[in-house]
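Structure file coords27.pdb (PDB, C-alpha atoms) follows.
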MODEL        1
ATOM      1  CA  MET A 181       5.981  22.780 -14.806
ATOM      2  CA  THR A 182       9.060  20.665 -14.184
ATOM      3  CA  THR A 183       8.963  16.891 -14.494
ATOM      4  CA  THR A 184      12.184  16.440 -12.534
ATOM      5  CA  PRO A 185      11.801  14.516  -9.276
ATOM      6  CA  PHE A 186      12.515  16.443  -6.073
ATOM      7  CA  ILE A 187      15.125  14.762  -3.870
ATOM      8  CA  HIS A 188      15.814  16.453  -0.533
ATOM      9  CA  ASP A 189      19.451  17.297   0.242
ATOM     10  CA  HIS A 190      19.341  14.938   3.239
ATOM     11  CA  ALA A 191      17.982  11.961   1.263
ATOM     12  CA  LEU A 192      20.193   9.221  -0.212
ATOM     13  CA  VAL A 193      19.031   7.840  -3.553
ATOM     14  CA  GLU A 194      21.701   5.414  -4.729
ATOM     15  CA  ALA A 195      22.765   5.047  -8.363
ATOM     16  CA  GLY A 196      20.633   2.426 -10.080
ATOM     17  CA  ALA A 197      17.379   3.417  -8.371
ATOM     18  CA  THR A 198      14.605   4.666 -10.664
ATOM     19  CA  ILE A 199      12.605   7.725  -9.570
ATOM     20  CA  GLY A 200       9.634   8.873 -11.686
ATOM     21  CA  ALA A 201       8.744  12.371 -12.812
ATOM     22  CA  ARG A 202       7.404  14.812 -10.199
ATOM     23  CA  THR A 203       8.032  12.360  -7.347
ATOM     24  CA  ARG A 204       9.085  13.938  -4.053
ATOM     25  CA  ILE A 205      11.684  12.213  -1.850
ATOM     26  CA  TRP A 206      11.959  13.942   1.535
ATOM     27  CA  ALA A 207      14.666  14.085   4.244
ATOM     28  CA  PHE A 208      16.361  10.969   5.609
ATOM     29  CA  VAL A 209      14.966   8.660   2.928
ATOM     30  CA  HIS A 210      17.341   5.938   1.686
ATOM     31  CA  VAL A 211      16.581   4.279  -1.675
ATOM     32  CA  LEU A 212      18.792   1.339  -2.724
ATOM     33  CA  PRO A 213      19.872   0.482  -6.293
ATOM     34  CA  GLY A 214      17.234  -1.456  -8.228
ATOM     35  CA  ALA A 215      14.256   0.086  -6.433
ATOM     36  CA  VAL A 216      11.626   1.519  -8.781
ATOM     37  CA  ILE A 217       9.442   4.470  -7.738
ATOM     38  CA  GLY A 218       6.787   5.736 -10.163
ATOM     39  CA  GLN A 219       5.605   9.227 -11.053
ATOM     40  CA  ASP A 220       3.908  11.757  -8.766
ATOM     41  CA  CYS A 221       4.741   9.852  -5.566
ATOM     42  CA  ASN A 222       5.346  11.371  -2.142
ATOM     43  CA  VAL A 223       7.912   9.543   0.015
ATOM     44  CA  CYS A 224       8.015  11.204   3.442
ATOM     45  CA  ASP A 225      10.844  11.468   5.998
ATOM     46  CA  HIS A 226      12.654   8.460   7.493
ATOM     47  CA  VAL A 227      11.724   5.856   4.858
ATOM     48  CA  PHE A 228      13.988   3.001   3.705
ATOM     49  CA  ILE A 229      13.388   1.345   0.314
ATOM     50  CA  GLU A 230      15.293  -1.868  -0.453
ATOM     51  CA  ASN A 231      16.474  -3.117  -3.888
ATOM     52  CA  ASP A 232      13.571  -5.357  -4.945
ATOM     53  CA  VAL A 233      10.755  -2.872  -4.280
ATOM     54  CA  VAL A 234       8.364  -1.552  -6.924
ATOM     55  CA  ILE A 235       6.206   1.502  -6.220
ATOM     56  CA  GLY A 236       3.564   2.556  -8.763
ATOM     57  CA  ASN A 237       2.377   6.054  -9.665
ATOM     58  CA  ARG A 238       0.702   8.547  -7.284
ATOM     59  CA  VAL A 239       1.672   6.551  -4.172
ATOM     60  CA  THR A 240       2.013   8.147  -0.726
ATOM     61  CA  VAL A 241       4.467   6.580   1.728
ATOM     62  CA  LYS A 242       4.212   8.368   5.081
ATOM     63  CA  CYS A 243       7.037   8.686   7.637
ATOM     64  CA  GLY A 244       8.868   5.830   9.342
ATOM     65  CA  ILE A 245       8.263   3.004   6.849
ATOM     66  CA  TYR A 246      10.766   0.338   5.740
ATOM     67  CA  LEU A 247       9.954  -1.293   2.413
ATOM     68  CA  TRP A 248      11.906  -4.553   2.241
ATOM     69  CA  ASP A 249      12.678  -6.720  -0.788
ATOM     70  CA  GLY A 250       9.558  -8.250  -2.291
ATOM     71  CA  VAL A 251       7.139  -5.372  -1.635
ATOM     72  CA  THR A 252       5.046  -4.047  -4.542
ATOM     73  CA  LEU A 253       2.792  -1.015  -4.140
ATOM     74  CA  GLU A 254       0.486  -0.565  -7.121
ATOM     75  CA  ASP A 255      -0.792   2.827  -8.350
ATOM     76  CA  ASP A 256      -2.629   5.182  -5.954
ATOM     77  CA  VAL A 257      -1.701   3.329  -2.744
ATOM     78  CA  HIS A 258      -1.603   5.240   0.560
ATOM     79  CA  LEU A 259       0.519   3.992   3.486
ATOM     80  CA  GLY A 260      -0.030   5.702   6.838
ATOM     81  CA  PRO A 261       2.871   6.458   9.206
ATOM     82  CA  ASN A 262       4.941   3.583  10.604
ATOM     83  CA  VAL A 263       3.356   0.750   8.619
ATOM     84  CA  VAL A 264       5.529  -2.370   9.063
ATOM     85  CA  PHE A 265       6.201  -4.822   6.235
ATOM     86  CA  THR A 266       7.884  -8.162   6.994
ATOM     87  CA  ASN A 267       9.276 -10.451   4.298
ATOM     88  CA  ASP A 268      10.489 -13.416   6.372
ATOM     89  CA  LEU A 269       7.879 -15.629   8.035
ATOM     90  CA  TYR A 270      10.472 -17.585  10.076
ATOM     91  CA  PRO A 271      13.228 -15.065  10.929
ATOM     92  CA  ARG A 272      16.549 -16.307  12.289
ATOM     93  CA  SER A 273      19.775 -14.373  12.539
ATOM     94  CA  LYS A 274      22.236 -14.944   9.695
ATOM     95  CA  GLN A 275      20.244 -17.640   7.897
ATOM     96  CA  ALA A 276      18.974 -17.675   4.347
ATOM     97  CA  PHE A 277      15.219 -17.251   4.090
ATOM     98  CA  GLU A 278      12.411 -17.652   1.612
ATOM     99  CA  LEU A 279      11.278 -14.216   0.475
ATOM    100  CA  GLY A 280       7.588 -13.658   1.162
ATOM    101  CA  ARG A 281       6.321 -11.143  -1.376
ATOM    102  CA  ILE A 282       3.693  -8.552  -0.468
ATOM    103  CA  VAL A 283       1.422  -6.779  -2.962
ATOM    104  CA  VAL A 284      -0.719  -3.782  -2.052
ATOM    105  CA  GLY A 285      -3.320  -3.378  -4.818
ATOM    106  CA  ARG A 286      -4.286  -0.269  -6.748
ATOM    107  CA  GLY A 287      -6.013   2.365  -4.627
ATOM    108  CA  ALA A 288      -5.643   0.482  -1.332
ATOM    109  CA  SER A 289      -4.898   2.277   1.948
ATOM    110  CA  VAL A 290      -3.063   0.892   4.968
ATOM    111  CA  GLY A 291      -3.592   2.700   8.276
ATOM    112  CA  ALA A 292      -0.869   3.917  10.633
ATOM    113  CA  ASN A 293       1.081   1.349  12.670
ATOM    114  CA  SER A 294      -0.339  -1.653  10.811
ATOM    115  CA  THR A 295       1.815  -4.754  10.284
ATOM    116  CA  ILE A 296       1.711  -6.705   7.015
ATOM    117  CA  LEU A 297       3.064 -10.272   7.107
ATOM    118  CA  PRO A 298       4.903 -11.917   4.192
ATOM    119  CA  GLY A 299       3.006 -13.560   1.360
ATOM    120  CA  VAL A 300      -0.015 -11.262   1.691
ATOM    121  CA  THR A 301      -1.909  -9.508  -1.095
ATOM    122  CA  ILE A 302      -4.099  -6.534  -0.180
ATOM    123  CA  GLY A 303      -6.767  -6.148  -2.876
ATOM    124  CA  GLU A 304      -7.648  -3.089  -4.927
ATOM    125  CA  CYS A 305      -9.245  -0.225  -2.981
ATOM    126  CA  ALA A 306      -9.138  -2.195   0.289
ATOM    127  CA  LEU A 307      -8.718  -0.346   3.589
ATOM    128  CA  VAL A 308      -6.647  -1.702   6.483
ATOM    129  CA  GLY A 309      -7.567   0.057   9.728
ATOM    130  CA  ALA A 310      -4.844   1.619  11.894
ATOM    131  CA  GLY A 311      -2.929  -0.810  14.093
ATOM    132  CA  SER A 312      -4.143  -3.929  12.282
ATOM    133  CA  VAL A 313      -2.032  -7.062  11.785
ATOM    134  CA  VAL A 314      -2.638  -8.499   8.306
ATOM    135  CA  THR A 315      -1.877 -12.242   8.303
ATOM    136  CA  LYS A 316      -3.753 -13.294   5.151
ATOM    137  CA  ASP A 317      -4.974 -11.858   1.863
ATOM    138  CA  VAL A 318      -7.452  -8.975   1.971
ATOM    139  CA  PRO A 319     -10.154  -8.991  -0.759
ATOM    140  CA  ALA A 320     -10.701  -5.990  -3.024
ATOM    141  CA  HIS A 321     -12.712  -3.189  -1.352
ATOM    142  CA  ALA A 322     -12.673  -4.983   2.034
ATOM    143  CA  LEU A 323     -12.417  -2.987   5.254
ATOM    144  CA  VAL A 324     -10.309  -4.988   7.725
ATOM    145  CA  VAL A 325      -9.332  -4.173  11.320
ATOM    146  CA  GLY A 326      -7.785  -5.835  14.357
ATOM    147  CA  ASN A 327      -5.210  -8.474  15.275
ATOM    148  CA  PRO A 328      -5.490 -10.547  13.240
ATOM    149  CA  ALA A 329      -7.190  -8.270  10.715
ATOM    150  CA  ARG A 330     -10.771  -9.352   9.987
ATOM    151  CA  PRO A 331     -13.284  -7.938   7.497
ATOM    152  CA  ILE A 332     -15.988  -5.694   8.963
ATOM    153  CA  GLY A 333     -17.381  -4.195   5.760
ATOM    154  CA  TYR A 334     -16.497  -2.739   2.389
ATOM    155  CA  VAL A 335     -15.175   0.592   1.131
ATOM    156  CA  CYS A 336     -15.760   2.490  -2.088
ATOM    157  CA  GLU A 337     -13.096   3.486  -4.576
ATOM    158  CA  CYS A 338     -13.452   7.007  -3.113
ATOM    159  CA  GLY A 339     -12.426   5.594   0.295
ATOM    160  CA  HIS A 340     -15.733   5.861   2.158
ATOM    161  CA  ARG A 341     -17.474   2.942   3.835
ATOM    162  CA  LEU A 342     -20.244   1.292   1.824
ATOM    163  CA  SER A 343     -23.796   0.660   3.025
ATOM    164  CA  GLU A 344     -25.630  -2.553   2.291
ATOM    165  CA  ALA A 345     -28.577  -2.008  -0.061
ATOM    166  CA  GLY A 346     -30.259  -5.369  -0.494
ATOM    167  CA  ALA A 347     -27.979  -7.528  -2.634
ATOM    168  CA  GLU A 348     -25.832  -4.496  -3.491
ATOM    169  CA  TRP A 349     -23.494  -2.102  -1.709
ATOM    170  CA  GLN A 350     -23.708   1.659  -2.186
ATOM    171  CA  CYS A 351     -21.566   4.672  -1.365
ATOM    172  CA  ASP A 352     -23.534   7.449   0.294
ATOM    173  CA  THR A 353     -20.737   9.901  -0.581
ATOM    174  CA  CYS A 354     -20.249   9.422  -4.336
ATOM    175  CA  SER A 355     -23.318   7.255  -5.217
ATOM    176  CA  ARG A 356     -21.347   4.371  -6.757
ATOM    177  CA  ARG A 357     -23.041   0.979  -6.451
ATOM    178  CA  TYR A 358     -21.337  -2.407  -6.303
ATOM    179  CA  ALA A 359     -22.285  -6.069  -6.392
ATOM    180  CA  VAL A 360     -20.349  -8.913  -4.773
ATOM    181  CA  GLU A 361     -20.579 -12.052  -6.885
ATOM    182  CA  ALA A 362     -18.613 -15.230  -6.132
ATOM    183  CA  GLY A 363     -16.398 -13.211  -3.789
ATOM    184  CA  LEU A 364     -15.541 -10.624  -6.466
ATOM    185  CA  PHE A 365     -16.409  -6.948  -6.213
ATOM    186  CA  ARG A 366     -17.978  -5.407  -9.337
ATOM    187  CA  LEU A 367     -18.952  -1.786 -10.016
ATOM    188  CA  ILE A 368     -22.514  -1.690 -11.350
ATOM    189  CA  GLN A 369     -23.220   2.064 -11.307
ATOM    190  CA  GLN A 370     -20.873   5.037 -11.516
ATOM    191  CA  GLY A 371     -21.451   7.913  -9.120
TER     192      GLY A 371
ENDMDL
END
Let's see the structure in the file written out as C-alpha cells.
Amino acid sequence: MTTTPFIHDHALVEAGATIGARTRIWAFVHVLPGAVIGQDCNVCDHVFIENDVVIGNRVTVKCGIYLWDGVTLEDDVHLGPNVVFTNDLYPRSKQAFELGRIVVGRGASVGANSTILPGVTIGECALVGAGSVVTKDVPAHALVVGNPARPIGYVCECGHRLSEAGAEWQCDTCSRRYAVEAGLFRLIQQG
C-alpha cells in the first residue's frame, strides 16, 4: 500500500505546505504554503486552506469550506459541508485585525452550514448540530444546536447521543459510561 498522498490534478497545493501520508486532496482545493495537513485525511472539493492552519490525522473536511489562519483541527475531526470559520471578530475592509484562533478538539464533529466565530474552542468529541452558530466555547462531549448554539445534551466518543442514568451518562449504542464532575467529562466504563 502506498503512503504517498493523493492530490487531484485540479487541486493546487503550494510549495511549503505539508501533506501527510495517505491523505486525499480532491478537485479545486487550494492549500497555501505553511499549512499542515496530517495523515489519512480527506479534503473534499472546493476547500481553501490558509497558511496558519493545522489539521491533525484522520480528519474529514467536506466540500465548500474555507479554513482561515488560526484554525486548528485536532485528530479525528469531521467537518460537514459548508462549515464557516471566521477569524476576525470586528471585520473592516483593509484594516489590521487581531487573529481569533479556533480549535476543534479531537473527535469533534461540526454539522453542515454551521458558523464558528473567532476565539472559540470546541471540546473533544463534541457535536455541533447542522446550521448552528457557535459564539462561545463548547465543552467536551457536548451536543450544541441553534443560533446561538446552546447545549442540549451529551454525545459519546462513538458519536451517539448519551442517556442520563442517575448521576452518570451512558451510550445505548456502545455501552460506554461517563461521569460529569466539576464540568469535566470522564469515561468510567469502556463499552
**Request:** Run through the PyMOL selection byres ((chain A and resi 332) around 12) on the given coordinates and return the selected residues as a PyMOL selection string.
**Result:** chain A and resi 306-309+318-319+321-326+329-331+333-335+341-343
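Evaluated against this file, the PyMOL selection byres ((chain A and resi 186-196) around 6) yields Pro185, Ala197, Arg204, Ile205, Trp206, Ala207, Phe208, Val209, His210, Val211, Leu212, Pro213 and Gly214 of chain A.
Across the structure, atom CA of Phe277 of chain A and atom CA of Pro298 of chain A are spaced 11.6 Å apart.
For the atom pair formed by atom CA of Asp232 of chain A and atom CA of Glu254 of chain A, the distance is 14.1 Å, given to one decimal.
Going from atom CA of Gly291 of chain A to atom CA of Tyr246 of chain A covers 14.8 Å.
Proximity of A:Gly236, A:Pro271, A:Gly280, A:Gly346 to Trp248 of chain A, computed with only C-alpha atoms, is greatest for A:Gly280.
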**Request:** Apply the PyMOL selection byres ((chain A and resi 257) around 8) to the displayed file and report the matching residues as a ChimeraX atom specification.
**Result:** /A:238-240,253-256,258-259,284-289
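Across A:Ala310, A:Ile282, A:Cys338, A:Ala276, the tightest approach to Ser294 of chain A is made by A:Ala310 when counting all atoms listed in the file.
In terms of minimum interatomic distance to Ala201 of chain A, A:Asp220 ranks closest within A:Asp220, A:Gly250, A:Leu279, A:Gln369, counting all atoms listed in the file.
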**Request:** Pick out the residues sitting within 7 Å of Thr198 of chain A, and hand them over as a PyMOL selection string; count only C-alpha atoms, and ignore anything fewer than 6 positions along from it in its own chain.
**Result:** chain A and resi 215-217
Residue completion, segment 184-208 of chain A, N, CA and C atoms, as a PDB file, keeping the file's coordinate frame:
ATOM      1  N   THR A 184      11.067  16.983 -13.300  1.00  0.00           N
ATOM      2  CA  THR A 184      12.184  16.440 -12.534  1.00  0.00           C
ATOM      3  C   THR A 184      11.715  16.046 -11.139  1.00  0.00           C
ATOM      4  N   PRO A 185      12.140  14.862 -10.654  1.00  0.00           N
ATOM      5  CA  PRO A 185      11.801  14.516  -9.276  1.00  0.00           C
ATOM      6  C   PRO A 185      12.498  15.459  -8.299  1.00  0.00           C
ATOM      7  N   PHE A 186      11.883  15.670  -7.140  1.00  0.00           N
ATOM      8  CA  PHE A 186      12.515  16.443  -6.073  1.00  0.00           C
ATOM      9  C   PHE A 186      13.138  15.454  -5.103  1.00  0.00           C
ATOM     10  N   ILE A 187      14.426  15.601  -4.842  1.00  0.00           N
ATOM     11  CA  ILE A 187      15.125  14.762  -3.870  1.00  0.00           C
ATOM     12  C   ILE A 187      15.767  15.690  -2.845  1.00  0.00           C
ATOM     13  N   HIS A 188      15.323  15.594  -1.609  1.00  0.00           N
ATOM     14  CA  HIS A 188      15.814  16.453  -0.533  1.00  0.00           C
ATOM     15  C   HIS A 188      17.321  16.274  -0.361  1.00  0.00           C
ATOM     16  N   ASP A 189      17.999  17.340   0.042  1.00  0.00           N
ATOM     17  CA  ASP A 189      19.451  17.297   0.242  1.00  0.00           C
ATOM     18  C   ASP A 189      19.880  16.252   1.270  1.00  0.00           C
ATOM     19  N   HIS A 190      19.003  15.916   2.203  1.00  0.00           N
ATOM     20  CA  HIS A 190      19.341  14.938   3.239  1.00  0.00           C
ATOM     21  C   HIS A 190      18.783  13.547   2.937  1.00  0.00           C
ATOM     22  N   ALA A 191      18.402  13.300   1.695  1.00  0.00           N
ATOM     23  CA  ALA A 191      17.982  11.961   1.263  1.00  0.00           C
ATOM     24  C   ALA A 191      19.149  11.310   0.533  1.00  0.00           C
ATOM     25  N   LEU A 192      19.177   9.968   0.523  1.00  0.00           N
ATOM     26  CA  LEU A 192      20.193   9.221  -0.212  1.00  0.00           C
ATOM     27  C   LEU A 192      19.484   8.310  -1.204  1.00  0.00           C
ATOM     28  N   VAL A 193      19.569   8.674  -2.478  1.00  0.00           N
ATOM     29  CA  VAL A 193      19.031   7.840  -3.553  1.00  0.00           C
ATOM     30  C   VAL A 193      20.241   7.303  -4.298  1.00  0.00           C
ATOM     31  N   GLU A 194      20.499   6.003  -4.154  1.00  0.00           N
ATOM     32  CA  GLU A 194      21.701   5.414  -4.729  1.00  0.00           C
ATOM     33  C   GLU A 194      21.568   5.244  -6.235  1.00  0.00           C
ATOM     34  N   ALA A 195      22.728   5.267  -6.915  1.00  0.00           N
ATOM     35  CA  ALA A 195      22.765   5.047  -8.363  1.00  0.00           C
ATOM     36  C   ALA A 195      22.128   3.698  -8.666  1.00  0.00           C
ATOM     37  N   GLY A 196      21.320   3.659  -9.709  1.00  0.00           N
ATOM     38  CA  GLY A 196      20.633   2.426 -10.080  1.00  0.00           C
ATOM     39  C   GLY A 196      19.195   2.363  -9.601  1.00  0.00           C
ATOM     40  N   ALA A 197      18.794   3.303  -8.757  1.00  0.00           N
ATOM     41  CA  ALA A 197      17.379   3.417  -8.371  1.00  0.00           C
ATOM     42  C   ALA A 197      16.674   4.233  -9.447  1.00  0.00           C
ATOM     43  N   THR A 198      15.400   3.938  -9.674  1.00  0.00           N
ATOM     44  CA  THR A 198      14.605   4.666 -10.664  1.00  0.00           C
ATOM     45  C   THR A 198      13.555   5.497  -9.942  1.00  0.00           C
ATOM     46  N   ILE A 199      13.559   6.804 -10.201  1.00  0.00           N
ATOM     47  CA  ILE A 199      12.605   7.725  -9.570  1.00  0.00           C
ATOM     48  C   ILE A 199      11.819   8.417 -10.675  1.00  0.00           C
ATOM     49  N   GLY A 200      10.487   8.310 -10.646  1.00  0.00           N
ATOM     50  CA  GLY A 200       9.634   8.873 -11.686  1.00  0.00           C
ATOM     51  C   GLY A 200       9.482  10.381 -11.610  1.00  0.00           C
ATOM     52  N   ALA A 201       8.961  10.924 -12.685  1.00  0.00           N
ATOM     53  CA  ALA A 201       8.744  12.371 -12.812  1.00  0.00           C
ATOM     54  C   ALA A 201       7.842  12.892 -11.693  1.00  0.00           C
ATOM     55  N   ARG A 202       8.181  14.068 -11.196  1.00  0.00           N
ATOM     56  CA  ARG A 202       7.404  14.812 -10.199  1.00  0.00           C
ATOM     57  C   ARG A 202       7.279  14.093  -8.849  1.00  0.00           C
ATOM     58  N   THR A 203       8.028  13.035  -8.647  1.00  0.00           N
ATOM     59  CA  THR A 203       8.032  12.360  -7.347  1.00  0.00           C
ATOM     60  C   THR A 203       8.854  13.175  -6.364  1.00  0.00           C
ATOM     61  N   ARG A 204       8.401  13.194  -5.099  1.00  0.00           N
ATOM     62  CA  ARG A 204       9.085  13.938  -4.053  1.00  0.00           C
ATOM     63  C   ARG A 204       9.653  12.955  -3.027  1.00  0.00           C
ATOM     64  N   ILE A 205      10.972  13.047  -2.817  1.00  0.00           N
ATOM     65  CA  ILE A 205      11.684  12.213  -1.850  1.00  0.00           C
ATOM     66  C   ILE A 205      12.186  13.156  -0.756  1.00  0.00           C
ATOM     67  N   TRP A 206      11.673  12.993   0.464  1.00  0.00           N
ATOM     68  CA  TRP A 206      11.959  13.942   1.535  1.00  0.00           C
ATOM     69  C   TRP A 206      13.166  13.525   2.369  1.00  0.00           C
ATOM     70  N   ALA A 207      13.446  14.245   3.447  1.00  0.00           N
ATOM     71  CA  ALA A 207      14.666  14.085   4.244  1.00  0.00           C
ATOM     72  C   ALA A 207      14.774  12.696   4.873  1.00  0.00           C
ATOM     73  N   PHE A 208      16.006  12.213   4.930  1.00  0.00           N
ATOM     74  CA  PHE A 208      16.361  10.969   5.609  1.00  0.00           C
ATOM     75  C   PHE A 208      15.700   9.744   4.991  1.00  0.00           C
TER      76      PHE A 208
END
